[in-house]
file model_35.cif (mmCIF, C-alpha atoms and all ligand atoms)
data_input
loop_
_atom_site.group_PDB
_atom_site.id
_atom_site.type_symbol
_atom_site.label_atom_id
_atom_site.label_comp_id
_atom_site.auth_asym_id
_atom_site.auth_seq_id
_atom_site.Cartn_x
_atom_site.Cartn_y
_atom_site.Cartn_z
ATOM 1 C CA MET I 1 0.648 -23.876 -1.809
ATOM 2 C CA PRO I 2 -2.096 -21.402 -0.804
ATOM 3 C CA THR I 3 -3.863 -19.634 -3.660
ATOM 4 C CA GLY I 4 -6.027 -16.576 -3.837
ATOM 5 C CA VAL I 5 -7.096 -13.972 -1.321
ATOM 6 C CA ARG I 6 -8.877 -10.634 -1.647
ATOM 7 C CA LEU I 7 -7.056 -8.476 0.841
ATOM 8 C CA VAL I 8 -6.685 -4.800 1.764
ATOM 9 C CA MET I 9 -3.574 -3.565 3.602
ATOM 10 C CA LEU I 10 -3.978 -0.557 5.872
ATOM 11 C CA GLY I 11 -1.157 1.081 7.794
ATOM 12 C CA ARG I 12 0.486 4.461 7.994
ATOM 13 C CA GLN I 13 3.310 5.480 5.660
ATOM 14 C CA GLY I 14 6.465 3.582 6.572
ATOM 15 C CA ALA I 15 4.644 0.731 8.350
ATOM 16 C CA GLY I 16 6.043 -1.721 5.794
ATOM 17 C CA LYS I 17 2.863 -2.104 3.716
ATOM 18 C CA GLY I 18 4.617 -2.112 0.352
ATOM 19 C CA THR I 19 7.294 -4.600 1.382
ATOM 20 C CA GLN I 20 4.832 -6.995 2.991
ATOM 21 C CA ALA I 21 2.211 -6.582 0.243
ATOM 22 C CA ALA I 22 4.770 -7.669 -2.378
ATOM 23 C CA ARG I 23 5.659 -10.767 -0.329
ATOM 24 C CA LEU I 24 2.021 -11.641 0.323
ATOM 25 C CA ALA I 25 1.210 -11.309 -3.374
ATOM 26 C CA GLU I 26 3.913 -13.835 -4.199
ATOM 27 C CA HIS I 27 2.841 -16.167 -1.387
ATOM 28 C CA TYR I 28 -0.849 -16.202 -2.378
ATOM 29 C CA GLY I 29 -0.237 -16.051 -6.150
ATOM 30 C CA VAL I 30 -2.196 -12.830 -6.681
ATOM 31 C CA PRO I 31 -1.239 -9.379 -8.032
ATOM 32 C CA HIS I 32 0.104 -6.654 -5.734
ATOM 33 C CA ILE I 33 -1.993 -3.633 -6.618
ATOM 34 C CA SER I 34 -0.343 -0.489 -5.246
ATOM 35 C CA THR I 35 -2.091 2.741 -6.179
ATOM 36 C CA GLY I 36 1.099 4.669 -5.298
ATOM 37 C CA ASP I 37 3.085 2.509 -7.768
ATOM 38 C CA MET I 38 0.386 3.001 -10.423
ATOM 39 C CA LEU I 39 0.537 6.782 -9.955
ATOM 40 C CA ARG I 40 4.354 6.758 -10.053
ATOM 41 C CA ALA I 41 4.181 4.785 -13.328
ATOM 42 C CA ALA I 42 1.888 7.478 -14.779
ATOM 43 C CA VAL I 43 4.379 10.138 -13.615
ATOM 44 C CA ALA I 44 7.278 8.235 -15.227
ATOM 45 C CA ALA I 45 5.297 7.873 -18.471
ATOM 46 C CA GLY I 46 4.961 11.690 -18.533
ATOM 47 C CA THR I 47 1.224 11.695 -19.277
ATOM 48 C CA GLU I 48 -0.763 14.866 -18.549
ATOM 49 C CA PHE I 49 -2.511 13.021 -15.746
ATOM 50 C CA GLY I 50 0.879 11.902 -14.400
ATOM 51 C CA LEU I 51 2.137 15.497 -14.282
ATOM 52 C CA ARG I 52 -0.927 16.644 -12.345
ATOM 53 C CA ALA I 53 -0.682 13.669 -9.971
ATOM 54 C CA LYS I 54 3.017 14.408 -9.366
ATOM 55 C CA ALA I 55 2.253 17.910 -8.083
ATOM 56 C CA VAL I 56 -0.282 16.491 -5.593
ATOM 57 C CA MET I 57 2.002 13.637 -4.527
ATOM 58 C CA ASP I 58 5.111 15.808 -4.053
ATOM 59 C CA ALA I 59 3.118 18.092 -1.777
ATOM 60 C CA GLY I 60 2.005 15.073 0.290
ATOM 61 C CA GLY I 61 -1.656 15.510 -0.731
ATOM 62 C CA LEU I 62 -4.230 12.997 -1.952
ATOM 63 C CA VAL I 63 -5.363 12.474 -5.546
ATOM 64 C CA SER I 64 -9.161 12.878 -5.807
ATOM 65 C CA ASP I 65 -11.432 10.023 -4.752
ATOM 66 C CA GLU I 66 -13.201 10.042 -8.110
ATOM 67 C CA ILE I 67 -9.988 9.500 -10.077
ATOM 68 C CA MET I 68 -8.634 6.866 -7.681
ATOM 69 C CA VAL I 69 -11.883 4.896 -7.625
ATOM 70 C CA GLY I 70 -11.927 4.868 -11.444
ATOM 71 C CA ILE I 71 -8.335 3.602 -11.607
ATOM 72 C CA VAL I 72 -8.936 0.818 -9.060
ATOM 73 C CA ASP I 73 -12.284 -0.204 -10.574
ATOM 74 C CA GLU I 74 -10.553 -0.742 -13.926
ATOM 75 C CA ARG I 75 -7.577 -2.554 -12.379
ATOM 76 C CA LEU I 76 -9.702 -4.977 -10.321
ATOM 77 C CA HIS I 77 -11.543 -6.009 -13.478
ATOM 78 C CA GLU I 78 -8.355 -7.134 -15.229
ATOM 79 C CA ALA I 79 -8.000 -10.891 -15.707
ATOM 80 C CA ASP I 80 -5.149 -11.402 -13.234
ATOM 81 C CA ALA I 81 -7.254 -10.043 -10.352
ATOM 82 C CA ALA I 82 -9.907 -12.738 -10.786
ATOM 83 C CA THR I 83 -8.235 -15.017 -8.230
ATOM 84 C CA GLY I 84 -7.651 -12.172 -5.771
ATOM 85 C CA TYR I 85 -5.288 -9.299 -5.017
ATOM 86 C CA ILE I 86 -3.331 -7.493 -2.341
ATOM 87 C CA LEU I 87 -4.568 -3.910 -2.381
ATOM 88 C CA ASP I 88 -1.950 -1.483 -1.020
ATOM 89 C CA GLY I 89 -2.626 2.252 -0.653
ATOM 90 C CA PHE I 90 -6.349 2.004 -1.443
ATOM 91 C CA PRO I 91 -8.794 2.755 0.089
ATOM 92 C CA ARG I 92 -7.338 5.843 1.753
ATOM 93 C CA THR I 93 -10.588 7.638 2.612
ATOM 94 C CA LEU I 94 -14.019 6.509 3.808
ATOM 95 C CA ALA I 95 -15.462 7.526 0.423
ATOM 96 C CA GLN I 96 -12.955 5.191 -1.291
ATOM 97 C CA GLY I 97 -13.844 2.420 1.182
ATOM 98 C CA ARG I 98 -17.542 2.747 0.390
ATOM 99 C CA ALA I 99 -16.841 2.811 -3.344
ATOM 100 C CA LEU I 100 -14.647 -0.293 -3.018
ATOM 101 C CA ALA I 101 -17.521 -2.158 -1.353
ATOM 102 C CA GLY I 102 -19.621 -1.373 -4.437
ATOM 103 C CA ILE I 103 -16.873 -2.407 -6.896
ATOM 104 C CA THR I 104 -16.330 -5.729 -5.067
ATOM 105 C CA GLU I 105 -19.982 -6.479 -4.327
ATOM 106 C CA SER I 106 -20.056 -9.767 -6.236
ATOM 107 C CA ARG I 107 -16.727 -10.955 -4.749
ATOM 108 C CA PRO I 108 -16.223 -9.066 -1.471
ATOM 109 C CA ILE I 109 -12.976 -8.282 0.331
ATOM 110 C CA GLU I 110 -12.120 -11.207 2.644
ATOM 111 C CA VAL I 111 -9.737 -9.558 5.092
ATOM 112 C CA VAL I 112 -8.357 -6.102 5.901
ATOM 113 C CA VAL I 113 -5.013 -6.063 7.673
ATOM 114 C CA ASN I 114 -3.991 -3.048 9.728
ATOM 115 C CA LEU I 115 -0.207 -3.036 10.005
ATOM 116 C CA GLU I 116 0.456 -1.041 13.150
ATOM 117 C CA VAL I 117 3.731 0.859 13.708
ATOM 118 C CA PRO I 118 3.787 3.891 16.058
ATOM 119 C CA GLU I 119 4.032 7.295 14.349
ATOM 120 C CA GLU I 120 7.334 8.138 16.124
ATOM 121 C CA GLN I 121 8.976 5.137 14.456
ATOM 122 C CA VAL I 122 7.852 5.646 10.878
ATOM 123 C CA ILE I 123 9.499 9.032 10.190
ATOM 124 C CA GLY I 124 12.966 7.482 10.475
ATOM 125 C CA ARG I 125 11.915 4.516 8.332
ATOM 126 C CA ILE I 126 10.567 6.790 5.578
ATOM 127 C CA THR I 127 13.507 9.184 5.448
ATOM 128 C CA ASN I 128 15.801 6.131 5.132
ATOM 129 C CA ARG I 129 13.641 4.514 2.445
ATOM 130 C CA ARG I 130 14.928 4.107 -1.129
ATOM 131 C CA VAL I 131 12.928 2.673 -4.044
ATOM 132 C CA CYS I 132 13.593 1.301 -7.512
ATOM 133 C CA LYS I 133 12.445 3.822 -10.127
ATOM 134 C CA SER I 134 11.492 1.005 -12.510
ATOM 135 C CA CYS I 135 9.808 -1.760 -10.497
ATOM 136 C CA GLY I 136 9.068 -0.098 -7.142
ATOM 137 C CA ALA I 137 11.160 -2.580 -5.082
ATOM 138 C CA ILE I 138 11.839 -1.121 -1.642
ATOM 139 C CA TYR I 139 15.266 -0.767 -0.002
ATOM 140 C CA SER I 140 16.698 1.416 2.750
ATOM 141 C CA VAL I 141 19.955 3.142 3.581
ATOM 142 C CA SER I 142 20.654 0.311 6.032
ATOM 143 C CA ALA I 143 19.531 -2.466 3.608
ATOM 144 C CA PRO I 144 20.652 -1.239 0.161
ATOM 145 C CA PRO I 145 20.762 -3.314 -3.049
ATOM 146 C CA ALA I 146 23.850 -5.517 -3.523
ATOM 147 C CA SER I 147 25.525 -3.229 -6.033
ATOM 148 C CA ASP I 148 25.705 0.538 -6.130
ATOM 149 C CA TRP I 149 21.990 1.575 -5.956
ATOM 150 C CA THR I 150 21.069 -0.747 -8.809
ATOM 151 C CA CYS I 151 17.902 -2.787 -8.176
ATOM 152 C CA ASP I 152 18.624 -6.466 -7.371
ATOM 153 C CA ARG I 153 15.369 -7.454 -9.038
ATOM 154 C CA CYS I 154 15.324 -5.509 -12.324
ATOM 155 C CA GLY I 155 18.561 -3.502 -12.620
ATOM 156 C CA GLY I 156 16.688 -0.168 -12.343
ATOM 157 C CA GLU I 157 18.019 2.896 -10.547
ATOM 158 C CA VAL I 158 17.331 2.963 -6.783
ATOM 159 C CA VAL I 159 16.526 6.481 -5.502
ATOM 160 C CA GLN I 160 14.768 8.422 -2.752
ATOM 161 C CA ARG I 161 11.106 9.183 -3.539
ATOM 162 C CA ASP I 162 10.420 12.895 -4.231
ATOM 163 C CA ASP I 163 7.679 12.823 -1.566
ATOM 164 C CA ASP I 164 9.859 11.241 1.149
ATOM 165 C CA THR I 165 11.062 14.623 2.444
ATOM 166 C CA GLU I 166 10.356 15.269 6.124
ATOM 167 C CA GLU I 167 7.854 18.066 5.359
ATOM 168 C CA ALA I 168 5.790 15.980 2.910
ATOM 169 C CA VAL I 169 5.993 12.962 5.237
ATOM 170 C CA ARG I 170 4.527 14.958 8.161
ATOM 171 C CA LYS I 171 1.703 16.188 5.947
ATOM 172 C CA ARG I 172 1.014 12.632 4.751
ATOM 173 C CA LEU I 173 0.938 11.328 8.338
ATOM 174 C CA ASP I 174 -1.557 14.073 9.320
ATOM 175 C CA LEU I 175 -3.710 13.165 6.316
ATOM 176 C CA TYR I 176 -3.470 9.487 7.274
ATOM 177 C CA ALA I 177 -4.796 10.248 10.766
ATOM 178 C CA ALA I 178 -7.612 12.449 9.444
ATOM 179 C CA GLU I 179 -8.673 10.598 6.284
ATOM 180 C CA THR I 180 -7.487 6.980 6.441
ATOM 181 C CA LEU I 181 -7.683 6.003 10.126
ATOM 182 C CA PRO I 182 -11.528 6.156 10.097
ATOM 183 C CA LEU I 183 -11.338 3.066 7.847
ATOM 184 C CA VAL I 184 -10.140 1.022 10.856
ATOM 185 C CA PRO I 185 -13.487 1.200 12.736
ATOM 186 C CA PHE I 186 -15.308 1.041 9.354
ATOM 187 C CA TYR I 187 -13.795 -2.411 8.665
ATOM 188 C CA ALA I 188 -13.901 -3.520 12.330
ATOM 189 C CA GLU I 189 -17.674 -3.018 12.284
ATOM 190 C CA GLN I 190 -17.879 -5.317 9.252
ATOM 191 C CA ASP I 191 -15.773 -7.899 11.101
ATOM 192 C CA LEU I 192 -13.109 -7.772 8.377
ATOM 193 C CA LEU I 193 -10.273 -6.230 10.380
ATOM 194 C CA ALA I 194 -7.135 -8.047 11.552
ATOM 195 C CA GLU I 195 -4.541 -6.061 13.530
ATOM 196 C CA VAL I 196 -0.889 -7.017 13.023
ATOM 197 C CA ASP I 197 2.081 -5.525 14.885
ATOM 198 C CA GLY I 198 4.412 -4.118 12.217
ATOM 199 C CA VAL I 199 7.358 -3.620 14.588
ATOM 200 C CA GLY I 200 9.900 -6.415 14.194
ATOM 201 C CA SER I 201 11.937 -8.054 11.477
ATOM 202 C CA PRO I 202 10.318 -8.272 8.020
ATOM 203 C CA ASP I 203 10.369 -12.098 8.300
ATOM 204 C CA ASP I 204 8.583 -12.085 11.677
ATOM 205 C CA VAL I 205 5.967 -9.616 10.475
ATOM 206 C CA PHE I 206 5.395 -11.690 7.321
ATOM 207 C CA ALA I 207 4.917 -14.900 9.351
ATOM 208 C CA GLN I 208 2.396 -13.128 11.585
ATOM 209 C CA LEU I 209 0.537 -11.788 8.555
ATOM 210 C CA VAL I 210 0.228 -15.208 6.934
ATOM 211 C CA SER I 211 -1.023 -16.816 10.121
ATOM 212 C CA VAL I 212 -3.630 -14.072 10.703
ATOM 213 C CA ILE I 213 -4.795 -14.167 7.074
ATOM 214 C CA ASP I 214 -5.014 -17.976 6.931
ATOM 215 C CA ALA I 215 -6.995 -18.011 10.169
ATOM 216 C CA ARG I 216 -9.480 -15.512 8.722
ATOM 217 C CA VAL I 217 -9.881 -16.794 5.189
ATOM 218 C CA ALA I 218 -11.740 -20.065 4.896
ATOM 219 C CA ARG I 219 -10.199 -22.336 2.271
HETATM 220 P P1 LIG K 1 2.014 5.578 -1.521
HETATM 221 O O1 LIG K 1 3.046 4.971 -2.405
HETATM 222 O O2 LIG K 1 0.889 4.624 -1.196
HETATM 223 O O3 LIG K 1 2.578 6.221 -0.291
HETATM 224 O O4 LIG K 1 1.328 6.756 -2.367
HETATM 225 C C1 LIG K 1 2.083 7.874 -2.783
HETATM 226 C C2 LIG K 1 1.158 9.063 -3.047
HETATM 227 O O5 LIG K 1 0.236 8.734 -4.097
HETATM 228 C C3 LIG K 1 0.269 9.456 -1.874
HETATM 229 O O6 LIG K 1 0.922 10.299 -0.938
HETATM 230 C C4 LIG K 1 -0.873 10.163 -2.597
HETATM 231 O O7 LIG K 1 -0.493 11.455 -3.022
HETATM 232 C C5 LIG K 1 -1.048 9.311 -3.843
HETATM 233 N N1 LIG K 1 -2.008 8.195 -3.635
HETATM 234 C C6 LIG K 1 -1.745 6.856 -3.624
HETATM 235 N N2 LIG K 1 -2.857 6.141 -3.395
HETATM 236 C C7 LIG K 1 -3.858 7.052 -3.243
HETATM 237 C C8 LIG K 1 -5.251 6.952 -2.965
HETATM 238 N N3 LIG K 1 -5.847 5.755 -2.773
HETATM 239 N N4 LIG K 1 -5.972 8.096 -2.874
HETATM 240 C C9 LIG K 1 -5.405 9.310 -3.054
HETATM 241 N N5 LIG K 1 -4.095 9.479 -3.309
HETATM 242 C C10 LIG K 1 -3.320 8.370 -3.408
#
call {"tool": "encode", "arguments": {"input": "model_35.cif", "output": "structure tokens"}}
result
Amino acid sequence: MPTGVRLVMLGRQGAGKGTQAARLAEHYGVPHISTGDMLRAAVAAGTEFGLRAKAVMDAGGLVSDEIMVGIVDERLHEADAATGYILDGFPRTLAQGRALAGITESRPIEVVVNLEVPEEQVIGRITNRRVCKSCGAIYSVSAPPASDWTCDRCGGEVVQRDDDTEEAVRKRLDLYAAETLPLVPFYAEQDLLAEVDGVGSPDDVFAQLVSVIDARVAR
């Protein structure tokens, strides 16, 4: 049973990051840290910060680097992240990538996976996507939960995300190209990058991910 890995998942919206990150977290026995899920939890809790974040998220924008770096810094210092983590949705800008290098200086990131799915394919995936409001589990119109939009894992309500409208999705894809894609050469230069083809069945993509990660991470 493999244990521990400090991993960052890159990939445009709809590439399957969330689904694969959850499976990898289980496989390696580390927490799945999704900044999108953390923000959605703040929205659900109705905090003032959550309300402000919701306006940015619904418009397909990005929450400020300063706030995101603070949230991730705190989260990575929690006890369960000591053996590693699967970081999903962070970093999303070069400034976040540089800040993450500082946060993880004593125990650096071991591998950055870029899950590649062409832009033309992800719009359909995202507009079909449905998520559990309580635990964030991901479904789709073609692979719904077993019973009546009730989450198989926790019994929560399965809905469409407010920011999965076509307009917000296009804005998020443009922002991904402008702000997040520069992280690919940033991590390639540090020899941390592994490219994985995200087109294919979830099981095939998962098997590819594990083999690429195990080849990169010395145990
Ligand atoms: P996700 O679930 O990763 O698609 O994130 C949903 C939304 O949360 C994004 O469209 C952003 O508005 C916001 N968000 C999540 N992670 C970050 C981040 N690292 N930096 C800025 N905004 C973020």
call {"tool": "atom_distance", "arguments": {"input": "model_35.cif", "atom1": "CA of Asp197 in chain I", "atom2": "CA of Arg170 in chain I"}}
result
21.7 Å
call {"tool": "resolve_selection", "arguments": {"input": "model_35.cif", "expression": "the PyMOL selection byres (((not hetatm)) within 6 of (chain K and resi 1))", "output": "PyMOL selection string"}}
result
chain I and resi 35-37+56-57+60-64+68+89-92
call {"tool": "residues_around", "arguments": {"input": "model_35.cif", "residues": "Val217 in chain I", "least_positions_apart": "2", "cutoff": "9 Å", "atoms": "only C-alpha atoms", "output": "PyMOL selection string"}}
result
chain I and resi 5+110-111+212-215+219
call {"tool": "write_last_selection", "arguments": {"input": "model_35.cif", "atoms": "C-alpha atoms", "output": "compact mmCIF listing (two decimals), in the frame of the given file"}}
result
# COMPACT_ATOMS: atom_id res chain seq x y z
CA VAL I 5 -7.10 -13.97 -1.32
CA GLU I 110 -12.12 -11.21 2.64
CA VAL I 111 -9.74 -9.56 5.09
CA VAL I 212 -3.63 -14.07 10.70
CA ILE I 213 -4.80 -14.17 7.07
CA ASP I 214 -5.01 -17.98 6.93
CA ALA I 215 -7.00 -18.01 10.17
CA ARG I 219 -10.20 -22.34 2.27
call {"tool": "closest_residue", "arguments": {"input": "model_35.cif", "among": "I:Ser34, I:Asn128, I:Thr104, I:Gln160", "to": "His77 in chain I", "atoms": "all atoms listed in the file"}}
result
I:Thr104
call {"tool": "resolve_selection", "arguments": {"input": "model_35.cif", "expression": "the PyMOL selection byres (((chain I and resi 167) around 12) and not hetatm)", "output": "list in words"}}
result
Asp58, Ala59, Gly60, Gly61, Ile123, Ile126, Thr127, Asp162, Asp163, Asp164, Thr165, Glu166, Ala168, Val169, Arg170, Lys171, Arg172, Leu173 and Asp174 of chain I
call {"tool": "write_last_selection", "arguments": {"input": "model_35.cif", "atoms": "C-alpha atoms", "output": "mmCIF file, in the frame of the given file"}}
result
data_model
loop_
_atom_site.group_PDB
_atom_site.id
_atom_site.type_symbol
_atom_site.label_atom_id
_atom_site.label_comp_id
_atom_site.auth_asym_id
_atom_site.auth_seq_id
_atom_site.Cartn_x
_atom_site.Cartn_y
_atom_site.Cartn_z
ATOM 1 C CA ASP I 58 5.111 15.808 -4.053
ATOM 2 C CA ALA I 59 3.118 18.092 -1.777
ATOM 3 C CA GLY I 60 2.005 15.073 0.290
ATOM 4 C CA GLY I 61 -1.656 15.510 -0.731
ATOM 5 C CA ILE I 123 9.499 9.032 10.190
ATOM 6 C CA ILE I 126 10.567 6.790 5.578
ATOM 7 C CA THR I 127 13.507 9.184 5.448
ATOM 8 C CA ASP I 162 10.420 12.895 -4.231
ATOM 9 C CA ASP I 163 7.679 12.823 -1.566
ATOM 10 C CA ASP I 164 9.859 11.241 1.149
ATOM 11 C CA THR I 165 11.062 14.623 2.444
ATOM 12 C CA GLU I 166 10.356 15.269 6.124
ATOM 13 C CA ALA I 168 5.790 15.980 2.910
ATOM 14 C CA VAL I 169 5.993 12.962 5.237
ATOM 15 C CA ARG I 170 4.527 14.958 8.161
ATOM 16 C CA LYS I 171 1.703 16.188 5.947
ATOM 17 C CA ARG I 172 1.014 12.632 4.751
ATOM 18 C CA LEU I 173 0.938 11.328 8.338
ATOM 19 C CA ASP I 174 -1.557 14.073 9.320
#
call {"tool": "resolve_selection", "arguments": {"input": "model_35.cif", "expression": "the PyMOL selection byres (((chain I and resi 138-141) around 12) and not hetatm)", "output": "PyMOL selection string"}}
result
chain I and resi 14+16-23+37+124-137+142-146+148-153+156-161
call {"tool": "closest_residue", "arguments": {"input": "model_35.cif", "among": "I:Gln208, I:Thr83, I:Thr47, I:Ser106", "to": "Thr3 in chain I", "atoms": "all atoms listed in the file"}}
result
I:Thr83
call {"tool": "closest_residue", "arguments": {"input": "model_35.cif", "among": "I:Ile109, I:Ile103, I:Val199, I:Ala25", "to": "Leu76 in chain I", "atoms": "all atoms listed in the file"}}
result
I:Ile103
call {"tool": "closest_residue", "arguments": {"input": "model_35.cif", "among": "I:Gly198, I:Pro185, I:Gly97, I:Gly46", "to": "Pro118 in chain I", "atoms": "all atoms listed in the file"}}
result
I:Gly198
call {"tool": "closest_residue", "arguments": {"input": "model_35.cif", "among": "I:Ile86, I:Ala188, I:Leu183, I:Ala81", "to": "Gly11 in chain I", "atoms": "all atoms listed in the file"}}
result
I:Leu183
call {"tool": "atom_distance", "arguments": {"input": "model_35.cif", "atom1": "CA of Gly4 in chain I", "atom2": "CA of Asp88 in chain I"}}
result
15.9 Å
call {"tool": "atom_distance", "arguments": {"input": "model_35.cif", "atom1": "CA of Met9 in chain I", "atom2": "CA of Glu66 in chain I"}}
result
20.4 Å
call {"tool": "closest_residue", "arguments": {"input": "model_35.cif", "among": "I:Ala15, I:Leu7, I:Ala44, I:Leu51", "to": "His32 in chain I", "atoms": "only C-alpha atoms"}}
result
I:Leu7
call {"tool": "build_atoms", "arguments": {"input": "model_35.cif", "residues": "range 42-59 of chain I", "atoms": "N, CA, C and O atoms", "output": "short mmCIF file (atom, residue, chain, number, x, y, z; two decimals), in the coordinates of the input"}}
result
data_model
loop_
_atom_site.label_atom_id
_atom_site.label_comp_id
_atom_site.auth_asym_id
_atom_site.auth_seq_id
_atom_site.Cartn_x
_atom_site.Cartn_y
_atom_site.Cartn_z
N ALA I 42 2.48 6.43 -13.92
CA ALA I 42 1.89 7.48 -14.78
C ALA I 42 2.80 8.70 -14.81
O ALA I 42 2.97 9.34 -15.85
N VAL I 43 3.43 9.01 -13.66
CA VAL I 43 4.38 10.14 -13.62
C VAL I 43 5.57 9.84 -14.53
O VAL I 43 5.96 10.67 -15.36
N ALA I 44 6.10 8.61 -14.43
CA ALA I 44 7.28 8.24 -15.23
C ALA I 44 6.94 8.25 -16.72
O ALA I 44 7.80 8.56 -17.55
N ALA I 45 5.69 7.91 -17.06
CA ALA I 45 5.30 7.87 -18.47
C ALA I 45 5.11 9.29 -19.01
O ALA I 45 4.98 9.48 -20.23
N GLY I 46 5.05 10.29 -18.10
CA GLY I 46 4.96 11.69 -18.53
C GLY I 46 3.61 12.07 -19.12
O GLY I 46 3.52 13.03 -19.88
N THR I 47 2.55 11.33 -18.77
CA THR I 47 1.22 11.70 -19.28
C THR I 47 0.77 12.98 -18.58
O THR I 47 1.30 13.35 -17.52
N GLU I 48 -0.26 13.63 -19.17
CA GLU I 48 -0.76 14.87 -18.55
C GLU I 48 -1.30 14.55 -17.15
O GLU I 48 -1.06 15.29 -16.20
N PHE I 49 -2.01 13.42 -17.05
CA PHE I 49 -2.51 13.02 -15.75
C PHE I 49 -1.36 12.81 -14.77
O PHE I 49 -1.41 13.23 -13.62
N GLY I 50 -0.29 12.17 -15.25
CA GLY I 50 0.88 11.90 -14.40
C GLY I 50 1.48 13.19 -13.86
O GLY I 50 1.85 13.27 -12.69
N LEU I 51 1.55 14.21 -14.72
CA LEU I 51 2.14 15.50 -14.28
C LEU I 51 1.28 16.14 -13.19
O LEU I 51 1.79 16.67 -12.20
N ARG I 52 -0.04 16.06 -13.36
CA ARG I 52 -0.93 16.64 -12.34
C ARG I 52 -0.83 15.86 -11.05
O ARG I 52 -0.79 16.41 -9.96
N ALA I 53 -0.78 14.52 -11.17
CA ALA I 53 -0.68 13.67 -9.97
C ALA I 53 0.63 13.95 -9.24
O ALA I 53 0.67 13.99 -8.02
N LYS I 54 1.70 14.18 -10.00
CA LYS I 54 3.02 14.41 -9.37
C LYS I 54 2.99 15.63 -8.45
O LYS I 54 3.54 15.60 -7.35
N ALA I 55 2.32 16.69 -8.90
CA ALA I 55 2.25 17.91 -8.08
C ALA I 55 1.55 17.61 -6.76
O ALA I 55 2.00 18.03 -5.69
N VAL I 56 0.47 16.85 -6.82
CA VAL I 56 -0.28 16.49 -5.59
C VAL I 56 0.58 15.60 -4.71
O VAL I 56 0.68 15.81 -3.49
N MET I 57 1.22 14.61 -5.31
CA MET I 57 2.00 13.64 -4.53
C MET I 57 3.21 14.31 -3.86
O MET I 57 3.49 14.07 -2.69
N ASP I 58 3.91 15.16 -4.62
CA ASP I 58 5.11 15.81 -4.05
C ASP I 58 4.76 16.70 -2.87
O ASP I 58 5.58 16.89 -1.96
N ALA I 59 3.53 17.24 -2.89
CA ALA I 59 3.12 18.09 -1.78
C ALA I 59 2.56 17.26 -0.62
O ALA I 59 2.15 17.81 0.40
#
